[in-house]
Each structure stands twice: as structure tokens, then as C-alpha cells.
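A quick write-up on the structure given underneath.
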2 protein chains.
Amino acid sequence: MSDPTPPPRGRTSTKRAAIAETLAGFEDFRSAQDVHEAMRRADRRVGLATVYRTLQAMVEGGELDSLRSETGEVTYRLCSGSHHHHLVCRVCGKALEVRGPAVETWAARTAEAHGFRDISHTVELVGTCSDH
Amino acid sequence: MSDPTPPPRGRTSTKRAAIAETLAGFEDFRSAQDVHEAMRRADRRVGLATVYRTLQAMVEGGELDSLRSETGEVTYRLCSGSHHHHLVCRVCGKALEVRGPAVETWAARTAEAHGFRDISHTVELVGTCSDH
DNA sequence: ATTAGTGCAAATGGTTTGCAGATGT
DNA sequence: ACATCTGCAAACCATTTGCACTAAT
């Protein structure tokens, strides 16, 4: 039911490029506020609203992955392509991508067993990495 | 490192009992606002702040399970005891408890393989149930 | 010219907090 | 009495929106 082909974007945007670039400088998930602050410090001022709008658009366009932090803010990171989940360190925030065929299968089967359609799943692992 | 024994509660609270009772009338996860509203309609008025405070206390005391909805609000439900995950209908909100030994194992192994300790995981399945 | 993109400030909406008064022990 | 519990209103804070303005095509 969802359009697999990302709809055409509007005209080329300077800010959007700057935001994407800033995001590229990070390894893990950052909030819109983080991105905005980072750009401010780098003297690449952007309106906070623009950051929010752009980030959302990028997620819809499939360029970004987003997830909700434990405190409830939405965080973003450049998309790596194929479907995967995250293993996040609760101390340093480092996030590793992990793939879990076992989980995908389990999710599909479980959903089907209960008569659910169009299943999507959220799987996040949080732990303390070896550096802590 | 965390105290496994729920710390002693304060004195017996009337409101807390009312809130727990209200929550008992629900099957799936409800937000603090939902609970507050339900109580208002049942003529068991309570301050919204009290609902928030109480709900949080109950989660800490291990009486409630809480999770964040897709829109970011925190939702609560009486704890059912053993560890499990949820299969939620995106249309009616109905939530089924599902157990996934496969997922637990996968989570533990994945974490270990990357040197992570004290792993906890979040797994939520969202789909459309057979009634829709 | 046209229209999408942007900034700013104001509006939202869930959640938290400060504080005075009610309540259980 | 005394500490905890409550309610109310104000404070918070991430996010959204209205609107005038700038810039890409």
C-alpha cells in the first residue's frame, strides 16, 4: 500500500544539503536539536523549524533512519540501506547496526499466527559496551 | 546494581488505589491523559499531575509496564508478570502479549558477540488486526 | 514570475514542578 | 503533630505551524 518509489523532491535546497552533511559527521543517532546546535557552532546557521522539517522529509524520502530515544525525543541518522536494527550503548551512545533474520522471521510468523497484516516491527537492543 | 526489591511505598493512598483500579479496567496500554479522562467520566476526579506522578511511581514499583506510543506519549498497563512483547493493531489499538524465546536468545547472542553487557531489549510489532 | 524553501515567533501538547492545603498514621 | 499526598496553575520543552520573505527554476 505504501509507495516504494520515493516521490520526487522539490527543487535543490542549500540547507538540506548542509543538514545532510552535518548528519554525515555523526556516527549515531542525533536529535533535531543536536543537529541544529551543531550547525550553529559550525557557523552554518539554520532555523530550528527548518531542521525539523528537513529531517522529517528526509526520513520520508528514505534517506534517514529515525528512532525515539529513551527520553522521548526523535533521533536521526543517515540510512545505511538495508533493513536492520540497533545495538546501542547506554553509556556512550555508540550504535551498531545489527541484522537479525531470526527476528524478521519470528515477527512475520507471530503476526500471521494472530491474523495481523502489514506488520512492521521495532527492535532495539540497549546495553553497556565493552569500553564501559 | 539496581535494587531488585521494590522500595516501601509511602502511606496508603486513596487516589493511587483508584488509579490502579481504573487501569485494571483496561486491556491495553493507555496514556496518563486517557486514565485521567476515564476517571473524570466515572466521576472519580483526580488531578492530572497526580495521575502522572502515581503512574510513574507504579512503574518504578514494578506494578506497571510502560512503553512509548508511536506518537511519543508514554502509555501504561498493569504488569502481567513474565517478560513478553506486544503485537499492537495500528487501527484499533488492541494489544496482544506475545512471547518470543527466539528473540530473547537472538538478543543475548548478538549483544554478547559485540561485547555488550546488561542487555535489555525493546520489541514491538505493529500491524493491522483481522477486524480491519 | 512562480513556487518551494526558510526563518522567526507564536501556538501546541504532553509532561513536570512549585507550592498551599488536604489527609493518613 | 508531621510527613506524605493532592490539586491547581505555572513552567518546561520538544515539536509544529502561520506567515512574510528569500531563492531556485
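Naming works like this for the C-alpha cells: A, B, ... for the chains as they're shown, residue 1 at the start of each chain, ligands 1 onward in shown order.
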
Would you mind writing down, as a ChimeraX atom specification, each residue of region 9-90 of chain B that DSSP on the backbone assigns to helix (DSSP H, G or I)?
-> /B:14-24,32-41,48-60

Residues just named, written with N, CA, C and O atoms as a short mmCIF file (atom, residue, chain, number, x, y, z; two decimals), in the first residue's frame:
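Wrote it out as selection36.cif, contents follow:
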data_model
loop_
_atom_site.label_atom_id
_atom_site.label_comp_id
_atom_site.auth_asym_id
_atom_site.auth_seq_id
_atom_site.Cartn_x
_atom_site.Cartn_y
_atom_site.Cartn_z
N THR B 14 -5.45 6.86 48.68
CA THR B 14 -6.77 6.64 48.10
C THR B 14 -6.71 6.72 46.59
O THR B 14 -7.18 5.85 45.87
N LYS B 15 -6.11 7.82 46.13
CA LYS B 15 -6.03 8.06 44.69
C LYS B 15 -5.28 6.97 43.97
O LYS B 15 -5.65 6.56 42.88
N ARG B 16 -4.22 6.54 44.59
CA ARG B 16 -3.42 5.52 43.94
C ARG B 16 -4.25 4.27 43.71
O ARG B 16 -4.18 3.65 42.65
N ALA B 17 -5.05 3.93 44.68
CA ALA B 17 -5.91 2.76 44.56
C ALA B 17 -6.89 2.97 43.41
O ALA B 17 -7.09 2.09 42.58
N ALA B 18 -7.48 4.16 43.35
CA ALA B 18 -8.45 4.47 42.31
C ALA B 18 -7.81 4.39 40.93
O ALA B 18 -8.41 3.87 39.99
N ILE B 19 -6.60 4.87 40.84
CA ILE B 19 -5.90 4.83 39.56
C ILE B 19 -5.61 3.39 39.15
O ILE B 19 -5.83 3.01 38.01
N ALA B 20 -5.14 2.61 40.11
CA ALA B 20 -4.84 1.21 39.82
C ALA B 20 -6.11 0.51 39.36
O ALA B 20 -6.11 -0.28 38.41
N GLU B 21 -7.20 0.81 40.03
CA GLU B 21 -8.47 0.19 39.71
C GLU B 21 -8.91 0.57 38.29
O GLU B 21 -9.37 -0.28 37.52
N THR B 22 -8.76 1.82 37.96
CA THR B 22 -9.13 2.28 36.63
C THR B 22 -8.31 1.55 35.58
O THR B 22 -8.83 1.07 34.58
N LEU B 23 -7.03 1.45 35.86
CA LEU B 23 -6.12 0.80 34.94
C LEU B 23 -6.52 -0.67 34.76
O LEU B 23 -6.38 -1.25 33.68
N ALA B 24 -7.02 -1.26 35.82
CA ALA B 24 -7.43 -2.66 35.76
C ALA B 24 -8.58 -2.87 34.79
O ALA B 24 -8.79 -3.97 34.28
N ALA B 32 -1.44 8.60 30.31
CA ALA B 32 -1.84 9.23 31.57
C ALA B 32 -3.10 10.05 31.33
O ALA B 32 -4.03 10.04 32.14
N GLN B 33 -3.16 10.70 30.20
CA GLN B 33 -4.30 11.53 29.87
C GLN B 33 -5.55 10.66 29.72
O GLN B 33 -6.63 11.04 30.18
N ASP B 34 -5.40 9.50 29.12
CA ASP B 34 -6.53 8.59 28.96
C ASP B 34 -7.08 8.21 30.33
O ASP B 34 -8.29 8.22 30.55
N VAL B 35 -6.17 7.84 31.21
CA VAL B 35 -6.58 7.42 32.55
C VAL B 35 -7.31 8.57 33.25
O VAL B 35 -8.38 8.40 33.82
N HIS B 36 -6.72 9.73 33.15
CA HIS B 36 -7.32 10.90 33.78
C HIS B 36 -8.72 11.14 33.26
O HIS B 36 -9.67 11.35 34.02
N GLU B 37 -8.86 11.08 31.97
CA GLU B 37 -10.15 11.29 31.32
C GLU B 37 -11.17 10.23 31.74
O GLU B 37 -12.31 10.55 32.06
N ALA B 38 -10.73 8.99 31.75
CA ALA B 38 -11.62 7.90 32.14
C ALA B 38 -12.13 8.12 33.56
O ALA B 38 -13.31 7.91 33.85
N MET B 39 -11.26 8.55 34.44
CA MET B 39 -11.65 8.78 35.82
C MET B 39 -12.61 9.95 35.94
O MET B 39 -13.52 9.95 36.75
N ARG B 40 -12.39 10.93 35.11
CA ARG B 40 -13.26 12.10 35.15
C ARG B 40 -14.67 11.69 34.75
O ARG B 40 -15.66 12.06 35.38
N ARG B 41 -14.74 10.88 33.69
CA ARG B 41 -16.05 10.46 33.22
C ARG B 41 -16.73 9.55 34.24
O ARG B 41 -17.95 9.49 34.32
N LEU B 48 -4.62 15.86 37.17
CA LEU B 48 -3.80 15.26 36.13
C LEU B 48 -2.38 15.00 36.63
O LEU B 48 -1.80 13.95 36.37
N ALA B 49 -1.85 15.94 37.36
CA ALA B 49 -0.48 15.79 37.88
C ALA B 49 -0.38 14.56 38.75
O ALA B 49 0.62 13.83 38.71
N THR B 50 -1.40 14.32 39.53
CA THR B 50 -1.40 13.15 40.41
C THR B 50 -1.36 11.88 39.59
O THR B 50 -0.67 10.92 39.94
N VAL B 51 -2.10 11.87 38.50
CA VAL B 51 -2.11 10.69 37.65
C VAL B 51 -0.69 10.44 37.14
O VAL B 51 -0.18 9.33 37.22
N TYR B 52 -0.06 11.50 36.65
CA TYR B 52 1.29 11.35 36.13
C TYR B 52 2.23 10.84 37.22
O TYR B 52 2.98 9.89 37.01
N ARG B 53 2.18 11.50 38.37
CA ARG B 53 3.08 11.12 39.45
C ARG B 53 2.85 9.68 39.89
O ARG B 53 3.80 8.91 40.05
N THR B 54 1.61 9.32 40.05
CA THR B 54 1.28 7.98 40.51
C THR B 54 1.69 6.92 39.51
O THR B 54 2.29 5.91 39.87
N LEU B 55 1.39 7.17 38.25
CA LEU B 55 1.74 6.22 37.21
C LEU B 55 3.25 5.96 37.21
O LEU B 55 3.70 4.81 37.12
N GLN B 56 4.01 7.03 37.32
CA GLN B 56 5.46 6.87 37.34
C GLN B 56 5.91 6.04 38.53
O GLN B 56 6.75 5.16 38.42
N ALA B 57 5.32 6.38 39.67
CA ALA B 57 5.69 5.65 40.88
C ALA B 57 5.37 4.16 40.74
O ALA B 57 6.15 3.31 41.17
N MET B 58 4.24 3.88 40.13
CA MET B 58 3.86 2.49 39.96
C MET B 58 4.80 1.74 39.03
O MET B 58 5.06 0.55 39.21
N VAL B 59 5.30 2.44 38.03
CA VAL B 59 6.24 1.80 37.11
C VAL B 59 7.51 1.47 37.88
O VAL B 59 8.04 0.36 37.80
N GLU B 60 7.96 2.44 38.66
CA GLU B 60 9.16 2.22 39.44
C GLU B 60 8.97 1.09 40.45
O GLU B 60 9.89 0.36 40.77
#

Identical-sequence pair chain B and chain A: C-alpha RMSD when superposed in order |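 The root-mean-square deviation of C-alpha positions is 0.5 Å.
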
Interface residues on chain C facing chain B, 9 Å, only C-alpha atoms (C1' of nucleotides), written as a list in words =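 On the chain C side, the interface is DG14, DT15, DT16, DG24 and DT25 of chain C.
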
Would you list, as a VMD selection string, the residues of chain B that end up in strand (DSSP E) under DSSP run on this structure's backbone?
-> chain B and resid 30 to 31 64 to 68 74 to 78 85 to 89 95 to 98 117 to 128

Out of A:Arg117, A:His132, A:Arg77, A:His83, which residue has the shortest atom-to-atom distance to chain B when counting only C-alpha atoms?
-> A:Arg117

May I ask you to extract the residues of chain D within 7 Å of chain B, using only C-alpha atoms (C1' of nucleotides), and to give them as a PyMOL selection string?
-> chain D and resi 4+6-7

Could I get the residues of chain B with an atom no further than 10 Å from an atom of chain A, each paired with its nearest atom pair and that distance in Å to one decimal, using only C-alpha atoms, sorted by chain and residue number, as JSON lines?
{"residue": "B:Leu67", "atom": "CA", "partner": "A:Glu70", "partner_atom": "CA", "distance": 9.9}
{"residue": "B:Arg68", "atom": "CA", "partner": "A:Gly72", "partner_atom": "CA", "distance": 7.7}
{"residue": "B:Ser69", "atom": "CA", "partner": "A:Gly72", "partner_atom": "CA", "distance": 9.9}
{"residue": "B:Glu70", "atom": "CA", "partner": "A:Arg68", "partner_atom": "CA", "distance": 8.9}
{"residue": "B:Thr71", "atom": "CA", "partner": "A:Gly72", "partner_atom": "CA", "distance": 9.6}
{"residue": "B:Gly72", "atom": "CA", "partner": "A:Gly72", "partner_atom": "CA", "distance": 6.1}
{"residue": "B:Glu73", "atom": "CA", "partner": "A:Gly72", "partner_atom": "CA", "distance": 8.0}
{"residue": "B:Val74", "atom": "CA", "partner": "A:Gly72", "partner_atom": "CA", "distance": 8.5}
{"residue": "B:Leu87", "atom": "CA", "partner": "A:Ala111", "partner_atom": "CA", "distance": 7.3}
{"residue": "B:Val88", "atom": "CA", "partner": "A:Phe116", "partner_atom": "CA", "distance": 9.0}
{"residue": "B:Cys89", "atom": "CA", "partner": "A:Phe116", "partner_atom": "CA", "distance": 7.7}
{"residue": "B:Arg90", "atom": "CA", "partner": "A:Ile119", "partner_atom": "CA", "distance": 9.5}
{"residue": "B:Leu96", "atom": "CA", "partner": "A:His114", "partner_atom": "CA", "distance": 8.9}
{"residue": "B:Val98", "atom": "CA", "partner": "A:Thr110", "partner_atom": "CA", "distance": 7.9}
{"residue": "B:Arg99", "atom": "CA", "partner": "A:Thr110", "partner_atom": "CA", "distance": 9.3}
{"residue": "B:Gly100", "atom": "CA", "partner": "A:Trp106", "partner_atom": "CA", "distance": 7.7}
{"residue": "B:Pro101", "atom": "CA", "partner": "A:Trp106", "partner_atom": "CA", "distance": 9.6}
{"residue": "B:Ala102", "atom": "CA", "partner": "A:Ala102", "partner_atom": "CA", "distance": 7.2}
{"residue": "B:Val103", "atom": "CA", "partner": "A:Val103", "partner_atom": "CA", "distance": 5.9}
{"residue": "B:Glu104", "atom": "CA", "partner": "A:Val103", "partner_atom": "CA", "distance": 9.5}
{"residue": "B:Thr105", "atom": "CA", "partner": "A:Ala102", "partner_atom": "CA", "distance": 9.8}
{"residue": "B:Trp106", "atom": "CA", "partner": "A:Ala102", "partner_atom": "CA", "distance": 7.3}
{"residue": "B:Ala107", "atom": "CA", "partner": "A:Leu125", "partner_atom": "CA", "distance": 7.0}
{"residue": "B:Ala108", "atom": "CA", "partner": "A:Leu125", "partner_atom": "CA", "distance": 9.3}
{"residue": "B:Thr110", "atom": "CA", "partner": "A:Val98", "partner_atom": "CA", "distance": 7.9}
{"residue": "B:Ala111", "atom": "CA", "partner": "A:Leu87", "partner_atom": "CA", "distance": 7.3}
{"residue": "B:Glu112", "atom": "CA", "partner": "A:Cys129", "partner_atom": "CA", "distance": 9.6}
{"residue": "B:His114", "atom": "CA", "partner": "A:Cys129", "partner_atom": "CA", "distance": 7.8}
{"residue": "B:Gly115", "atom": "CA", "partner": "A:Ser130", "partner_atom": "CA", "distance": 5.3}
{"residue": "B:Phe116", "atom": "CA", "partner": "A:Cys129", "partner_atom": "CA", "distance": 4.3}
{"residue": "B:Arg117", "atom": "CA", "partner": "A:Thr128", "partner_atom": "CA", "distance": 5.0}
{"residue": "B:Asp118", "atom": "CA", "partner": "A:Gly127", "partner_atom": "CA", "distance": 5.3}
{"residue": "B:Ile119", "atom": "CA", "partner": "A:Gly127", "partner_atom": "CA", "distance": 4.2}
{"residue": "B:Ser120", "atom": "CA", "partner": "A:Val126", "partner_atom": "CA", "distance": 5.4}
{"residue": "B:His121", "atom": "CA", "partner": "A:Leu125", "partner_atom": "CA", "distance": 4.4}
{"residue": "B:Thr122", "atom": "CA", "partner": "A:Glu124", "partner_atom": "CA", "distance": 5.1}
{"residue": "B:Val123", "atom": "CA", "partner": "A:Val123", "partner_atom": "CA", "distance": 4.5}
{"residue": "B:Glu124", "atom": "CA", "partner": "A:Thr122", "partner_atom": "CA", "distance": 5.1}
{"residue": "B:Leu125", "atom": "CA", "partner": "A:His121", "partner_atom": "CA", "distance": 4.4}
{"residue": "B:Val126", "atom": "CA", "partner": "A:Ser120", "partner_atom": "CA", "distance": 5.4}
{"residue": "B:Gly127", "atom": "CA", "partner": "A:Ile119", "partner_atom": "CA", "distance": 4.2}
{"residue": "B:Thr128", "atom": "CA", "partner": "A:Arg117", "partner_atom": "CA", "distance": 5.0}
{"residue": "B:Cys129", "atom": "CA", "partner": "A:Phe116", "partner_atom": "CA", "distance": 4.3}
{"residue": "B:Ser130", "atom": "CA", "partner": "A:Gly115", "partner_atom": "CA", "distance": 5.3}
{"residue": "B:Asp131", "atom": "CA", "partner": "A:Gly115", "partner_atom": "CA", "distance": 9.0}
{"residue": "B:His132", "atom": "CA", "partner": "A:Phe116", "partner_atom": "CA", "distance": 9.2}

Distance C1' of DA4 (chain C)-C1' of DT25 (chain D), one decimal place?
->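 C1' of DT25 (chain D) lies 10.1 Å from C1' of DA4 (chain C).
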
Fewer than 3 positions away in the same chain doesn't count, so skip those; otherwise give me all residues within 8 Å of Glu97 (chain B), counting only C-alpha atoms (C1' of nucleotides), as a list of chain:residue names.
-> B:His84, B:His85, B:His86, B:Leu87

Excluding same-chain residues fewer than 6 positions from DT22 (chain D), what lies within 12 Å of it counting only C-alpha atoms (C1' of nucleotides), as a PDB file with N, CA, C and O atoms (P, O5', C5', C4', C3', O3' and C1' of nucleotides), in the first residue's frame?
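Written file, around_25.pdb:
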ATOM      1  P    DT C   3       2.721  28.776  -9.549  1.00  0.00           P
ATOM      2  O5'  DT C   3       3.716  28.057  -8.540  1.00  0.00           O
ATOM      3  C5'  DT C   3       4.764  27.244  -9.058  1.00  0.00           C
ATOM      4  C4'  DT C   3       5.716  26.887  -7.932  1.00  0.00           C
ATOM      5  C3'  DT C   3       5.022  26.477  -6.638  1.00  0.00           C
ATOM      6  O3'  DT C   3       5.771  25.408  -6.089  1.00  0.00           O
ATOM      7  C1'  DT C   3       6.512  28.211  -6.188  1.00  0.00           C
ATOM      8  P    DA C   4       5.154  24.447  -4.942  1.00  0.00           P
ATOM      9  O5'  DA C   4       6.507  23.955  -4.280  1.00  0.00           O
ATOM     10  C5'  DA C   4       7.556  23.479  -5.124  1.00  0.00           C
ATOM     11  C4'  DA C   4       8.895  23.791  -4.494  1.00  0.00           C
ATOM     12  C3'  DA C   4       9.052  23.211  -3.092  1.00  0.00           C
ATOM     13  O3'  DA C   4      10.403  22.826  -2.923  1.00  0.00           O
ATOM     14  C1'  DA C   4       9.222  25.552  -2.966  1.00  0.00           C
ATOM     15  P    DG C   5      10.916  22.279  -1.576  1.00  0.00           P
ATOM     16  O5'  DG C   5      11.620  23.561  -0.941  1.00  0.00           O
ATOM     17  C5'  DG C   5      12.795  24.063  -1.547  1.00  0.00           C
ATOM     18  C4'  DG C   5      13.416  25.110  -0.640  1.00  0.00           C
ATOM     19  C3'  DG C   5      13.656  24.623   0.802  1.00  0.00           C
ATOM     20  O3'  DG C   5      14.882  25.187   1.233  1.00  0.00           O
ATOM     21  C1'  DG C   5      12.268  26.514   0.827  1.00  0.00           C
ATOM     22  P    DT C   6      15.466  24.810   2.642  1.00  0.00           P
ATOM     23  O5'  DT C   6      15.100  26.123   3.461  1.00  0.00           O
ATOM     24  C5'  DT C   6      15.611  27.367   2.989  1.00  0.00           C
ATOM     25  C4'  DT C   6      15.292  28.490   3.953  1.00  0.00           C
ATOM     26  C3'  DT C   6      15.466  28.120   5.428  1.00  0.00           C
ATOM     27  O3'  DT C   6      16.334  29.080   6.032  1.00  0.00           O
ATOM     28  C1'  DT C   6      13.366  29.183   5.043  1.00  0.00           C
ATOM     29  P    DG C   7      16.883  28.809   7.498  1.00  0.00           P
ATOM     30  O5'  DG C   7      16.139  30.013   8.243  1.00  0.00           O
ATOM     31  C5'  DG C   7      16.329  31.328   7.753  1.00  0.00           C
ATOM     32  C4'  DG C   7      15.474  32.286   8.543  1.00  0.00           C
ATOM     33  C3'  DG C   7      15.593  32.112  10.052  1.00  0.00           C
ATOM     34  O3'  DG C   7      15.692  33.412  10.630  1.00  0.00           O
ATOM     35  C1'  DG C   7      13.322  31.900   9.393  1.00  0.00           C
TER      36       DG C   7
END
